[in-house]
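Source file: coords_21.csv; contents: CSV, C-alpha atoms.
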```csv
chain,number,residue,atom,x,y,z
F,1,MET,CA,0.0,0.0,0.0
F,2,HIS,CA,1.3,3.4,-1.0
F,3,ALA,CA,-0.8,6.5,-0.3
F,4,SER,CA,-0.5,10.3,0.0
F,5,MET,CA,-3.2,11.8,2.2
F,6,SER,CA,-3.0,15.2,0.6
F,7,GLY,CA,-6.3,16.4,-0.7
F,8,LEU,CA,-8.2,13.1,0.1
F,9,GLY,CA,-10.4,14.8,2.7
F,10,HIS,CA,-9.9,12.0,5.3
F,11,GLY,CA,-7.2,11.3,7.9
F,12,PRO,CA,-5.0,8.2,7.9
F,13,GLY,CA,-7.2,6.5,10.5
F,14,ALA,CA,-10.3,6.7,8.4
F,15,LEU,CA,-8.5,5.3,5.3
F,16,GLY,CA,-6.6,2.7,7.4
F,17,ARG,CA,-9.8,1.4,9.0
F,18,ALA,CA,-11.5,1.2,5.6
F,19,LEU,CA,-8.5,-0.7,4.1
F,20,ARG,CA,-8.4,-3.1,7.0
F,21,ALA,CA,-12.1,-3.8,6.5
F,22,ALA,CA,-11.5,-4.2,2.7
F,23,VAL,CA,-8.9,-7.0,3.2
F,24,GLY,CA,-11.3,-8.8,5.5
F,25,GLY,CA,-10.1,-7.9,8.9
F,26,PRO,CA,-7.2,-9.4,11.0
F,27,LEU,CA,-8.3,-13.0,10.5
F,28,LYS,CA,-8.6,-12.9,6.7
F,29,GLY,CA,-6.3,-10.4,5.2
F,30,THR,CA,-3.1,-8.4,5.6
F,31,LEU,CA,-2.2,-4.8,5.0
F,32,VAL,CA,1.5,-4.0,4.3
F,33,VAL,CA,3.2,-0.6,4.0
F,34,PRO,CA,6.8,0.6,3.6
F,35,ALA,CA,8.3,1.9,6.8
F,36,PHE,CA,11.7,3.0,5.4
F,37,THR,CA,14.2,5.0,7.5
F,38,PRO,CA,16.6,6.6,5.0
F,39,GLU,CA,17.9,9.2,7.4
F,40,ASN,CA,19.5,6.4,9.4
F,41,SER,CA,22.1,6.1,6.6
F,42,LEU,CA,25.3,7.8,5.4
F,43,THR,CA,24.5,6.8,1.8
F,44,SER,CA,20.9,7.6,1.3
F,45,ALA,CA,19.7,10.7,-0.7
F,46,ALA,CA,17.8,11.9,2.4
F,47,HIS,CA,21.0,11.9,4.5
F,48,LEU,CA,23.0,13.6,1.8
F,49,ARG,CA,20.5,16.4,1.5
F,50,ARG,CA,20.6,16.9,5.3
F,51,ALA,CA,24.4,16.7,5.3
F,52,ARG,CA,24.7,19.5,2.7
F,53,SER,CA,23.2,21.9,5.3
F,54,VAL,CA,26.1,21.2,7.7
F,55,ARG,CA,28.7,24.0,7.4
F,56,ASN,CA,32.0,22.3,8.3
F,57,THR,CA,33.7,19.0,9.0
F,58,ALA,CA,33.5,19.3,12.8
F,59,ALA,CA,29.8,20.0,12.7
F,60,TYR,CA,29.3,17.1,10.3
F,61,GLN,CA,31.1,14.7,12.7
F,62,ASP,CA,28.9,15.9,15.5
F,63,PHE,CA,25.8,15.4,13.3
F,64,LYS,CA,26.9,11.8,12.6
F,65,ARG,CA,27.5,11.1,16.3
F,66,ARG,CA,23.9,12.3,17.1
F,67,MET,CA,22.3,10.1,14.4
F,68,GLU,CA,19.9,7.7,16.2
F,69,PRO,CA,20.4,4.0,15.7
F,70,PHE,CA,17.4,2.1,14.2
F,71,ASP,CA,14.9,0.7,16.7
F,72,PRO,CA,12.2,-1.3,15.0
F,73,GLU,CA,9.8,-0.6,17.9
F,74,ARG,CA,10.3,3.2,18.1
F,75,THR,CA,12.0,4.6,15.0
F,76,ARG,CA,9.4,6.5,12.9
F,77,SER,CA,9.3,5.8,9.2
F,78,GLN,CA,10.6,8.7,7.1
F,79,GLY,CA,9.0,10.1,4.0
F,80,MET,CA,6.5,7.2,3.8
F,81,GLY,CA,3.4,9.3,4.6
F,82,ARG,CA,0.8,9.4,7.4
F,83,LEU,CA,-1.0,6.2,6.5
F,84,ALA,CA,2.3,4.2,6.7
F,85,GLU,CA,2.9,5.5,10.2
F,86,TRP,CA,-0.7,4.8,11.2
F,87,VAL,CA,-0.3,1.2,10.1
F,88,ARG,CA,3.1,0.8,11.7
F,89,THR,CA,1.8,2.0,15.1
F,90,SER,CA,-1.4,0.1,15.0
F,91,ASP,CA,-2.1,-2.6,17.7
F,92,GLY,CA,-0.8,-5.9,16.4
F,93,ALA,CA,1.4,-4.5,13.7
F,94,VAL,CA,4.7,-6.2,12.9
F,95,ARG,CA,7.7,-4.5,11.5
F,96,SER,CA,10.6,-6.2,9.5
F,97,ALA,CA,14.1,-5.8,10.9
F,98,HIS,CA,16.0,-4.0,8.1
F,99,PRO,CA,17.6,-0.8,9.5
F,100,GLN,CA,16.9,1.2,6.3
F,101,THR,CA,14.1,-0.4,4.3
F,102,SER,CA,11.7,-2.1,6.8
F,103,PHE,CA,8.1,-2.8,6.1
F,104,ALA,CA,5.2,-2.9,8.5
F,105,ALA,CA,2.2,-5.2,8.3
F,106,TRP,CA,-1.1,-5.8,10.1
F,107,GLY,CA,-3.3,-8.8,9.8
F,108,CYS,CA,-3.3,-12.6,9.7
F,109,ARG,CA,0.0,-13.1,7.7
F,110,ALA,CA,1.9,-10.1,9.2
F,111,LEU,CA,4.5,-12.1,11.1
F,112,GLU,CA,5.0,-14.5,8.2
F,113,LEU,CA,5.5,-11.8,5.6
F,114,MET,CA,7.8,-9.6,7.8
F,115,GLU,CA,10.2,-12.3,9.1
F,116,GLY,CA,13.5,-13.1,7.5
F,117,HIS,CA,14.3,-9.5,6.2
F,118,GLU,CA,18.1,-9.8,6.2
F,119,PRO,CA,20.1,-6.7,7.1
F,120,ASP,CA,22.2,-6.9,3.9
F,121,CYS,CA,19.2,-7.1,1.6
F,122,HIS,CA,17.2,-4.0,1.1
F,123,LEU,CA,14.4,-5.1,-1.3
F,124,GLY,CA,15.5,-8.4,-2.8
F,125,GLU,CA,15.0,-12.1,-2.3
F,126,LYS,CA,15.5,-11.9,1.5
F,127,SER,CA,13.0,-9.0,2.0
F,128,PRO,CA,9.2,-8.8,2.4
F,129,LEU,CA,8.9,-7.9,-1.3
F,130,ALA,CA,9.9,-11.4,-2.2
F,131,ALA,CA,7.5,-12.8,0.3
F,132,LEU,CA,4.7,-10.6,-1.0
F,133,TYR,CA,5.5,-11.8,-4.6
F,134,GLY,CA,5.3,-15.4,-3.4
F,135,ALA,CA,1.9,-14.7,-1.7
F,136,ASP,CA,0.5,-13.2,-4.9
F,137,ALA,CA,-0.2,-9.9,-3.1
F,138,ARG,CA,-1.8,-6.9,-4.8
F,139,VAL,CA,-0.4,-3.3,-4.8
F,140,LEU,CA,-2.8,-0.4,-4.1
F,141,MET,CA,-1.5,3.1,-4.8
F,142,ILE,CA,-3.6,6.1,-3.9
F,143,ASN,CA,-2.7,9.6,-4.9
F,144,VAL,CA,0.9,8.7,-5.8
F,145,GLY,CA,2.8,7.9,-9.0
F,146,PHE,CA,4.7,4.8,-10.0
F,147,GLY,CA,7.9,6.5,-9.0
F,148,VAL,CA,7.3,5.4,-5.4
F,149,CYS,CA,6.3,1.8,-6.3
F,150,SER,CA,8.6,-0.2,-4.1
F,151,ALA,CA,7.7,-3.5,-5.8
F,152,PHE,CA,9.7,-2.5,-8.9
F,153,HIS,CA,12.9,-2.6,-6.8
F,154,LEU,CA,12.5,-6.4,-6.6
F,155,ALA,CA,12.9,-6.4,-10.4
F,156,GLU,CA,16.3,-4.7,-10.0
F,157,TYR,CA,17.5,-7.9,-8.2
F,158,ARG,CA,16.1,-10.1,-10.9
F,159,TYR,CA,16.6,-8.5,-14.3
F,160,ARG,CA,20.3,-9.5,-14.5
F,161,ARG,CA,22.5,-12.1,-13.1
F,162,ASN,CA,24.9,-9.8,-11.3
F,163,PRO,CA,23.3,-6.4,-10.7
F,164,PRO,CA,25.6,-3.5,-9.9
F,165,LYS,CA,26.2,-3.1,-6.2
F,166,LYS,CA,27.4,-0.4,-3.8
F,167,LEU,CA,28.4,-0.1,-0.2
F,168,TYR,CA,25.7,1.1,2.2
F,169,SER,CA,26.2,2.3,5.8
F,170,CYS,CA,23.7,2.9,8.6
F,171,VAL,CA,23.7,3.2,12.3
F,172,VAL,CA,22.4,0.3,14.4
F,173,ARG,CA,22.6,-1.2,17.9
F,174,ASP,CA,24.3,-4.6,18.4
F,175,GLU,CA,22.9,-7.4,20.5
F,176,SER,CA,24.5,-5.8,23.6
F,177,GLY,CA,22.8,-2.5,22.9
F,178,ARG,CA,25.9,-0.6,21.8
F,179,ARG,CA,25.6,1.9,19.0
F,180,GLY,CA,27.7,1.3,15.9
F,181,TRP,CA,27.9,1.5,12.2
F,182,PHE,CA,26.8,-1.4,9.9
F,183,HIS,CA,28.4,-1.5,6.4
F,184,TYR,CA,27.2,-3.8,3.7
F,185,PRO,CA,27.2,-4.3,-0.1
F,186,ASP,CA,23.8,-4.5,-1.8
F,187,VAL,CA,22.2,-3.7,-5.2
F,188,ASP,CA,22.7,-0.1,-6.3
F,189,LEU,CA,19.0,0.8,-6.3
F,190,ASP,CA,17.7,3.3,-8.9
F,191,ASP,CA,14.1,4.4,-9.1
F,192,SER,CA,14.7,7.1,-11.7
F,193,ASP,CA,12.9,5.1,-14.4
F,194,PHE,CA,10.0,3.7,-12.3
F,195,GLU,CA,7.5,6.2,-13.7
F,196,ALA,CA,8.3,4.9,-17.2
F,197,VAL,CA,8.2,1.3,-16.0
F,198,GLY,CA,4.7,1.9,-14.6
F,199,ALA,CA,3.5,3.9,-17.7
F,200,ASP,CA,4.2,0.8,-19.8
F,201,LEU,CA,2.3,-1.5,-17.4
F,202,PRO,CA,-0.4,-3.0,-19.7
F,203,GLU,CA,-3.8,-1.6,-19.0
F,204,GLU,CA,-5.3,-5.0,-18.7
F,205,MET,CA,-2.9,-5.6,-15.7
F,206,ARG,CA,-4.2,-2.7,-13.6
F,207,LYS,CA,-7.4,-1.3,-12.4
F,208,GLU,CA,-7.7,2.5,-12.1
F,209,TRP,CA,-10.4,4.7,-10.7
F,210,GLN,CA,-11.0,8.1,-9.1
F,211,LEU,CA,-11.1,8.4,-5.3
F,212,GLY,CA,-12.6,11.8,-4.9
F,213,ARG,CA,-10.3,13.9,-7.1
F,214,ARG,CA,-7.4,11.6,-6.7
F,215,THR,CA,-6.3,8.5,-8.7
F,216,ALA,CA,-6.2,5.0,-7.2
F,217,ARG,CA,-4.5,2.0,-8.9
F,218,LEU,CA,-4.6,-1.7,-8.1
F,219,PHE,CA,-2.5,-4.4,-9.6
F,220,SER,CA,-0.8,-7.7,-9.0
F,221,ILE,CA,2.7,-7.5,-7.5
F,222,ARG,CA,3.7,-10.6,-9.6
F,223,GLY,CA,2.5,-9.1,-12.8
F,224,ALA,CA,4.2,-5.7,-12.0
F,225,VAL,CA,7.5,-7.3,-11.0
F,226,ASP,CA,7.6,-9.6,-14.0
F,227,HIS,CA,6.7,-6.7,-16.3
F,228,ALA,CA,9.5,-4.6,-14.7
F,229,VAL,CA,12.1,-7.4,-15.2
F,230,ASP,CA,11.2,-7.5,-18.9
F,231,TRP,CA,11.2,-3.7,-19.2
F,232,MET,CA,14.6,-3.3,-17.5
F,233,THR,CA,16.2,-6.1,-19.4
F,234,GLU,CA,15.2,-4.4,-22.7
F,235,LYS,CA,15.5,-0.7,-21.8
F,236,ARG,CA,18.0,-0.2,-19.1
F,237,PRO,CA,21.5,0.5,-20.4
F,238,CYS,CA,23.7,-2.5,-20.7
F,239,LEU,CA,26.3,-2.5,-17.9
F,240,THR,CA,29.5,-4.5,-17.7
F,241,GLU,CA,29.0,-7.6,-15.6
F,242,ARG,CA,30.8,-7.4,-12.3
```

Encoded form using structure tokens:
Amino acid sequence: MHASMSGLGHGPGALGRALRAAVGGPLKGTLVVPAFTPENSLTSAAHLRRARSVRNTAAYQDFKRRMEPFDPERTRSQGMGRLAEWVRTSDGAVRSAHPQTSFAAWGCRALELMEGHEPDCHLGEKSPLAALYGADARVLMINVGFGVCSAFHLAEYRYRRNPPKKLYSCVVRDESGRRGWFHYPDVDLDDSDFEAVGADLPEEMRKEWQLGRRTARLFSIRGAVDHAVDWMTEKRPCLTER
């Protein structure tokens, strides 16, 4: 689920409760949202934007020392919208463990879909996206474009044998509770062409309607990811295998 509440005329609670009813309640369905925390990283675009406002090296080092480590129970999602936070903080919600790209879920399969999110895999085979693909989930987008469609990231792990990687860094707590930095290589994620990927999603694969004055889209995650794999294989620049 991806949503922007701007202009909808309802708060996140009203929309969230309607969605929970639509999936059949906690015994029949599951609602999943991204709960990403990009400001917890030295390598995210969100961190780099904040870092540019720091005037000198000493101030930047102090800024780094004050960065809070990821806490799955308490750390707010960042830039994911009010509905995502409403779901994350709902009674019975479960959050995956990744310190940068966690998801939150509510409902009968929440624990199953959120478990096993490995810290060195943002959005690939060891993430909830792969579990949602396996569960034949559907993606609902309200008042947002395909540029924020997280499901397309799974295609980045699949469209070539050895996708380009980069080193990521984020602040965490170890098992003893000590604060420290976690560095790991993972796929070099790029959402710059996601709008184009979504624009080419065949009309028969998606349902679209007006929700007030806003647009809503519903489609299969399997269909969307498979389409994105084919699209990226054909249209992304060929890169040297690493």

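Note that CA of Ala35 in chain F and CA of Gln78 in chain F are 7.2 Å apart.
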
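CA of Val171 in chain F is found 14.6 Å from CA of Arg74 in chain F.
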
(5.8, 10.0, 4.0) in this file's frame - what residues fall within 12 Å of it? Use all atoms listed in the file and give the answer as a PDB file with C-alpha atoms, keeping the file's coordinate frame.
```pdb
ATOM      1  CA  HIS F   2       1.300   3.400  -1.000  1.00  0.00           C
ATOM      2  CA  ALA F   3      -0.800   6.500  -0.300  1.00  0.00           C
ATOM      3  CA  SER F   4      -0.500  10.300   0.000  1.00  0.00           C
ATOM      4  CA  MET F   5      -3.200  11.800   2.200  1.00  0.00           C
ATOM      5  CA  SER F   6      -3.000  15.200   0.600  1.00  0.00           C
ATOM      6  CA  PRO F  12      -5.000   8.200   7.900  1.00  0.00           C
ATOM      7  CA  VAL F  33       3.200  -0.600   4.000  1.00  0.00           C
ATOM      8  CA  PRO F  34       6.800   0.600   3.600  1.00  0.00           C
ATOM      9  CA  ALA F  35       8.300   1.900   6.800  1.00  0.00           C
ATOM     10  CA  PHE F  36      11.700   3.000   5.400  1.00  0.00           C
ATOM     11  CA  THR F  37      14.200   5.000   7.500  1.00  0.00           C
ATOM     12  CA  PRO F  38      16.600   6.600   5.000  1.00  0.00           C
ATOM     13  CA  ARG F  76       9.400   6.500  12.900  1.00  0.00           C
ATOM     14  CA  SER F  77       9.300   5.800   9.200  1.00  0.00           C
ATOM     15  CA  GLN F  78      10.600   8.700   7.100  1.00  0.00           C
ATOM     16  CA  GLY F  79       9.000  10.100   4.000  1.00  0.00           C
ATOM     17  CA  MET F  80       6.500   7.200   3.800  1.00  0.00           C
ATOM     18  CA  GLY F  81       3.400   9.300   4.600  1.00  0.00           C
ATOM     19  CA  ARG F  82       0.800   9.400   7.400  1.00  0.00           C
ATOM     20  CA  LEU F  83      -1.000   6.200   6.500  1.00  0.00           C
ATOM     21  CA  ALA F  84       2.300   4.200   6.700  1.00  0.00           C
ATOM     22  CA  GLU F  85       2.900   5.500  10.200  1.00  0.00           C
ATOM     23  CA  TRP F  86      -0.700   4.800  11.200  1.00  0.00           C
ATOM     24  CA  VAL F 144       0.900   8.700  -5.800  1.00  0.00           C
ATOM     25  CA  VAL F 148       7.300   5.400  -5.400  1.00  0.00           C
TER      26      VAL F 148
END
```

(message) One number please: CA of Pro26 in chain F to CA of Cys121 in chain F, in Å, one decimal.
(response) 28.1 Å

(request) Please provide as a ChimeraX atom specification all residues within 12 Å of Leu19 in chain F, with the sequence filter that same-chain residues fewer than 3 positions apart are discarded (counting only C-alpha atoms). (result) /F:1-3,12-16,22-26,29-33,83,86-87,106-107,140-142

Taking a cut-off of 8 Å and counting only C-alpha atoms, can you build a table that, for each residue of range 112-170 of chain F near range 223-234 of chain F, reports the nearest atom pair and how far apart they are in Å (one decimal), sorted by chain then residue number, as a Markdown table?
```
| residue | atom | partner | partner_atom | distance |
| --- | --- | --- | --- | --- |
| F:Ala151 | CA | F:Val225 | CA | 6.4 |
| F:Phe152 | CA | F:Val225 | CA | 5.7 |
| F:Leu154 | CA | F:Val225 | CA | 6.7 |
| F:Ala155 | CA | F:Val229 | CA | 5.0 |
| F:Glu156 | CA | F:Val229 | CA | 7.2 |
| F:Arg158 | CA | F:Val229 | CA | 6.5 |
| F:Tyr159 | CA | F:Val229 | CA | 4.7 |
| F:Arg160 | CA | F:Thr233 | CA | 7.2 |
```

Please, could N, CA, C and O atoms be added to range 82-108 of chain F and the result written as a PDB file, in the frame of the given file?
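Final file, rebuild-v2.pdb:
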```
ATOM      1  N   ARG F  82       1.568   9.570   6.165  1.00  0.00           N
ATOM      2  CA  ARG F  82       0.800   9.400   7.400  1.00  0.00           C
ATOM      3  C   ARG F  82       0.140   8.038   7.523  1.00  0.00           C
ATOM      4  O   ARG F  82       0.007   7.483   8.609  1.00  0.00           O
ATOM      5  N   LEU F  83      -0.301   7.494   6.393  1.00  0.00           N
ATOM      6  CA  LEU F  83      -1.000   6.200   6.500  1.00  0.00           C
ATOM      7  C   LEU F  83       0.044   5.112   6.879  1.00  0.00           C
ATOM      8  O   LEU F  83      -0.277   4.242   7.702  1.00  0.00           O
ATOM      9  N   ALA F  84       1.264   5.160   6.326  1.00  0.00           N
ATOM     10  CA  ALA F  84       2.300   4.200   6.700  1.00  0.00           C
ATOM     11  C   ALA F  84       2.562   4.217   8.195  1.00  0.00           C
ATOM     12  O   ALA F  84       2.667   3.163   8.848  1.00  0.00           O
ATOM     13  N   GLU F  85       2.652   5.417   8.760  1.00  0.00           N
ATOM     14  CA  GLU F  85       2.900   5.500  10.200  1.00  0.00           C
ATOM     15  C   GLU F  85       1.687   5.027  10.996  1.00  0.00           C
ATOM     16  O   GLU F  85       1.846   4.415  12.055  1.00  0.00           O
ATOM     17  N   TRP F  86       0.481   5.255  10.487  1.00  0.00           N
ATOM     18  CA  TRP F  86      -0.700   4.800  11.200  1.00  0.00           C
ATOM     19  C   TRP F  86      -0.715   3.252  11.233  1.00  0.00           C
ATOM     20  O   TRP F  86      -1.004   2.662  12.270  1.00  0.00           O
ATOM     21  N   VAL F  87      -0.362   2.611  10.132  1.00  0.00           N
ATOM     22  CA  VAL F  87      -0.300   1.200  10.100  1.00  0.00           C
ATOM     23  C   VAL F  87       0.813   0.662  11.030  1.00  0.00           C
ATOM     24  O   VAL F  87       0.631  -0.270  11.829  1.00  0.00           O
ATOM     25  N   ARG F  88       1.993   1.286  10.942  1.00  0.00           N
ATOM     26  CA  ARG F  88       3.100   0.800  11.700  1.00  0.00           C
ATOM     27  C   ARG F  88       2.833   0.872  13.229  1.00  0.00           C
ATOM     28  O   ARG F  88       3.279  -0.002  13.984  1.00  0.00           O
ATOM     29  N   THR F  89       2.082   1.870  13.666  1.00  0.00           N
ATOM     30  CA  THR F  89       1.800   2.000  15.100  1.00  0.00           C
ATOM     31  C   THR F  89       0.493   1.398  15.530  1.00  0.00           C
ATOM     32  O   THR F  89       0.096   1.547  16.687  1.00  0.00           O
ATOM     33  N   SER F  90      -0.186   0.704  14.640  1.00  0.00           N
ATOM     34  CA  SER F  90      -1.400   0.100  15.000  1.00  0.00           C
ATOM     35  C   SER F  90      -1.203  -1.125  15.926  1.00  0.00           C
ATOM     36  O   SER F  90      -0.175  -1.805  15.836  1.00  0.00           O
ATOM     37  N   ASP F  91      -2.141  -1.385  16.804  1.00  0.00           N
ATOM     38  CA  ASP F  91      -2.100  -2.600  17.700  1.00  0.00           C
ATOM     39  C   ASP F  91      -1.969  -3.819  16.831  1.00  0.00           C
ATOM     40  O   ASP F  91      -2.766  -4.017  15.912  1.00  0.00           O
ATOM     41  N   GLY F  92      -0.997  -4.665  17.146  1.00  0.00           N
ATOM     42  CA  GLY F  92      -0.800  -5.900  16.400  1.00  0.00           C
ATOM     43  C   GLY F  92       0.031  -5.825  15.189  1.00  0.00           C
ATOM     44  O   GLY F  92       0.278  -6.847  14.528  1.00  0.00           O
ATOM     45  N   ALA F  93       0.511  -4.630  14.846  1.00  0.00           N
ATOM     46  CA  ALA F  93       1.400  -4.500  13.700  1.00  0.00           C
ATOM     47  C   ALA F  93       2.731  -5.118  13.905  1.00  0.00           C
ATOM     48  O   ALA F  93       3.239  -5.139  15.032  1.00  0.00           O
ATOM     49  N   VAL F  94       3.335  -5.619  12.840  1.00  0.00           N
ATOM     50  CA  VAL F  94       4.700  -6.200  12.900  1.00  0.00           C
ATOM     51  C   VAL F  94       5.546  -5.495  11.897  1.00  0.00           C
ATOM     52  O   VAL F  94       5.126  -5.186  10.778  1.00  0.00           O
ATOM     53  N   ARG F  95       6.781  -5.221  12.316  1.00  0.00           N
ATOM     54  CA  ARG F  95       7.700  -4.500  11.500  1.00  0.00           C
ATOM     55  C   ARG F  95       8.901  -5.414  11.124  1.00  0.00           C
ATOM     56  O   ARG F  95       9.400  -6.128  11.990  1.00  0.00           O
ATOM     57  N   SER F  96       9.366  -5.380   9.881  1.00  0.00           N
ATOM     58  CA  SER F  96      10.600  -6.200   9.500  1.00  0.00           C
ATOM     59  C   SER F  96      11.793  -5.491  10.093  1.00  0.00           C
ATOM     60  O   SER F  96      11.766  -4.332  10.522  1.00  0.00           O
ATOM     61  N   ALA F  97      12.907  -6.215  10.083  1.00  0.00           N
ATOM     62  CA  ALA F  97      14.100  -5.800  10.900  1.00  0.00           C
ATOM     63  C   ALA F  97      15.106  -4.995  10.135  1.00  0.00           C
ATOM     64  O   ALA F  97      16.108  -4.606  10.736  1.00  0.00           O
ATOM     65  N   HIS F  98      14.921  -4.732   8.861  1.00  0.00           N
ATOM     66  CA  HIS F  98      16.000  -4.000   8.100  1.00  0.00           C
ATOM     67  C   HIS F  98      16.138  -2.594   8.651  1.00  0.00           C
ATOM     68  O   HIS F  98      15.144  -1.875   8.805  1.00  0.00           O
ATOM     69  N   PRO F  99      17.375  -2.137   8.911  1.00  0.00           N
ATOM     70  CA  PRO F  99      17.600  -0.800   9.500  1.00  0.00           C
ATOM     71  C   PRO F  99      17.350   0.350   8.561  1.00  0.00           C
ATOM     72  O   PRO F  99      17.378   1.505   8.998  1.00  0.00           O
ATOM     73  N   GLN F 100      17.118   0.100   7.272  1.00  0.00           N
ATOM     74  CA  GLN F 100      16.900   1.200   6.300  1.00  0.00           C
ATOM     75  C   GLN F 100      15.551   1.028   5.574  1.00  0.00           C
ATOM     76  O   GLN F 100      14.858   2.006   5.321  1.00  0.00           O
ATOM     77  N   THR F 101      15.233  -0.188   5.164  1.00  0.00           N
ATOM     78  CA  THR F 101      14.100  -0.400   4.300  1.00  0.00           C
ATOM     79  C   THR F 101      13.106  -1.399   4.903  1.00  0.00           C
ATOM     80  O   THR F 101      12.727  -2.388   4.259  1.00  0.00           O
ATOM     81  N   SER F 102      12.695  -1.162   6.129  1.00  0.00           N
ATOM     82  CA  SER F 102      11.700  -2.100   6.800  1.00  0.00           C
ATOM     83  C   SER F 102      10.347  -1.863   6.183  1.00  0.00           C
ATOM     84  O   SER F 102      10.038  -0.842   5.554  1.00  0.00           O
ATOM     85  N   PHE F 103       9.497  -2.859   6.405  1.00  0.00           N
ATOM     86  CA  PHE F 103       8.100  -2.800   6.100  1.00  0.00           C
ATOM     87  C   PHE F 103       7.302  -3.034   7.380  1.00  0.00           C
ATOM     88  O   PHE F 103       7.834  -3.614   8.329  1.00  0.00           O
ATOM     89  N   ALA F 104       6.054  -2.597   7.391  1.00  0.00           N
ATOM     90  CA  ALA F 104       5.200  -2.900   8.500  1.00  0.00           C
ATOM     91  C   ALA F 104       3.910  -3.536   8.002  1.00  0.00           C
ATOM     92  O   ALA F 104       3.421  -3.197   6.914  1.00  0.00           O
ATOM     93  N   ALA F 105       3.376  -4.489   8.768  1.00  0.00           N
ATOM     94  CA  ALA F 105       2.200  -5.200   8.300  1.00  0.00           C
ATOM     95  C   ALA F 105       1.237  -5.442   9.485  1.00  0.00           C
ATOM     96  O   ALA F 105       1.640  -5.570  10.643  1.00  0.00           O
ATOM     97  N   TRP F 106      -0.050  -5.484   9.146  1.00  0.00           N
ATOM     98  CA  TRP F 106      -1.100  -5.800  10.100  1.00  0.00           C
ATOM     99  C   TRP F 106      -2.031  -6.798   9.507  1.00  0.00           C
ATOM    100  O   TRP F 106      -2.423  -6.697   8.337  1.00  0.00           O
ATOM    101  N   GLY F 107      -2.364  -7.834  10.270  1.00  0.00           N
ATOM    102  CA  GLY F 107      -3.300  -8.800   9.800  1.00  0.00           C
ATOM    103  C   GLY F 107      -2.799 -10.244   9.972  1.00  0.00           C
ATOM    104  O   GLY F 107      -1.791 -10.497  10.651  1.00  0.00           O
ATOM    105  N   CYS F 108      -3.490 -11.200   9.357  1.00  0.00           N
ATOM    106  CA  CYS F 108      -3.300 -12.600   9.700  1.00  0.00           C
ATOM    107  C   CYS F 108      -1.925 -13.148   9.234  1.00  0.00           C
ATOM    108  O   CYS F 108      -1.436 -14.120   9.813  1.00  0.00           O
TER     109      CYS F 108
END
```
